[in-house]
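Read through the structure below, which is laid out as structure tokens, and then see the notes.
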Amino acid sequence: MNIFYTNANDLRNKVSELKILAKSSGCKVLGITETKFSSDILDAEVLVPNFTLYRVDRLTGEGGGSCIYVHNSLKSHQIPINVPDCACVNLKLDSINIAIFVVYRAPSSSLSKCQSMLDKLSAAINNLAPDTEYIIMGDFNLPDVAWDLGIVKCAIDSKNQVFLIQQLFLDFFMKYDLRWIIGDKVKTRVRKVLTQIQSATLDNILTSDVNIFQKFQTTPPLGKSDHVGIISKWKITNDDECIATVKKNWTKVDCDDLLKLSEPLTWSSDKAEELWKLIHSNCKLISESVPVVKTSVNRSGVVKSSSAWDRPCLVKARKEKERAWAQFENNPTSANLNVAMSQQGVFERKQQHAMMLFENTAAARIKTNPKAFYRYMNSKRKIRAAISCLSNADGEIINTAKDMANELGSFFKSTFVNEDPNLPLPTVESRNTNYGNIQDIKFDPVEVKSLLMNLNIWKSVPSKKFMSQKYAYVT
């Protein structure tokens, strides 16, 4: 099983690239630190297809945060550890139980905060089942640790807090007999400051059982992050299919059958739990009646899929970018770093151009191929709001999920009533109005075109920006 880890340095604008990496690498677990998510960002906005998201956001200030994406073919659940910027999930596989920790330590963390973090991590590890192995990966920010020797590069009697913090983490690793898989030769963070290259091994992956580890490789950073990605391979098996080779084909469903199956649905009960059981059972019957279609998979069983705007030139640019970063990894010189960063920029520009070209083509063919246009527009939709607090009939504020569901169920029950179909339709009383004759509305094409051309498309909201560009283009 492949596991991916990186410090994204703000994942909010790198989700698209993460989706491509998840498809191409076949990783079943994606661990990310420094996501910089907040409560304003919903899960629907940062989801990766076929993955379940577990996230821990920083509650105060900006930055920090960690998340773990687990493929839907794996049985997983989140383990609450109450450690800031750290996430943990448990994977229940056929042959072994694995707990995966994703840890981020801010460079400005004090000695007391680091001690508190390690105490909570110790409690989480001690609470694991006896037969559970665990993997800890993250950005520990330990630049003075000599990983090949397992020591901190400082004087033995040093009182410097920076060195004491790094020794504290190293003692924690030794206490639980954790083995790290990355040595000093691999620099996980590389950045250029003026004319100097700064590189350090800040990220690492540790395991309680080195026998389940096979190998690892580095990948180019996500976007403009200065941390490389790490794909590690583990001897962990699961009998379930990684990705199903069939999917529901809703375009071939019989609408008459769906209507018959949906007839038992009723709002006769105002209890949310009863309604949910009824809706769930009927939805299951409906889903089972939908025909399936086979999907194309590669030799590893991974579904062949790509972005809608993928072109041969874009695929070539992506491979050249990865080749340039691999060359820099083998020979970390300033010249190779400049080449890698240049190829990164070329790829991002070509990706942006390919997206614009795809959007222009979809808009130009909206009359002949509207499905492609609306499929793309629906894929860009994001959930922006959730149900806030409600007030019941007595005017009391309710904010628990169960009470809100019951209140909504009562409301829907009041709107769905059984009526005698033989009763006459209600009549509408006519009212005397004296509004005069309604005049025809006249549009001046010249004036309309002038208004459209004066639109500032770059200041439109994201959901309308695409349409604004197309209106200006067609006029």
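Labels for the structure tokens follow display order: chains A, B, ..., residues from 1 in each chain, ligands from 1.
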* **Selection near Val339 of chain A, 9 Å with only C-alpha atoms, sequence-local residues under 5 positions removed, as an MDAnalysis selection string** => chainID A and resid 321 324:325 328 334 344
Kindly export the residues of the current selection with C-alpha atoms, as a CSV table (one decimal), in the first residue's frame.
```
chain,number,residue,atom,x,y,z
A,321,LYS,CA,8.6,18.9,-14.1
A,324,ALA,CA,13.6,18.2,-13.2
A,325,TRP,CA,12.8,17.8,-9.5
A,328,PHE,CA,17.7,18.2,-8.4
A,334,SER,CA,21.5,26.0,-7.5
A,344,GLN,CA,7.2,24.0,-12.3
```
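Within 7 Å of segment 353-370 of chain A, once only C-alpha atoms are used and residues closer than 3 positions along the same chain are dropped, the contacting residues are Trp309, Arg349, Lys350, Phe373, Tyr374 and Lys470 of chain A.
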* To do: Excluding Gln198 of chain A and any residue of its chain fewer than 5 positions from it, enumerate the residues within 10 Å of it, using only C-alpha atoms, and give them as JSON, numbers by chain.
  => {"A": [187, 189, 190, 191, 192, 193]}
* So how far away is atom CA of Thr188 of chain A from atom CA of His227 of chain A, in Å? ->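 Computing it gives 5.6 Å between the two atoms.
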* Shell around Arg179 of chain A at 10 Å using only C-alpha atoms, local window under 5 positions removed, as a PyMOL selection string -> chain A and resi 135-136+173-174+205-210
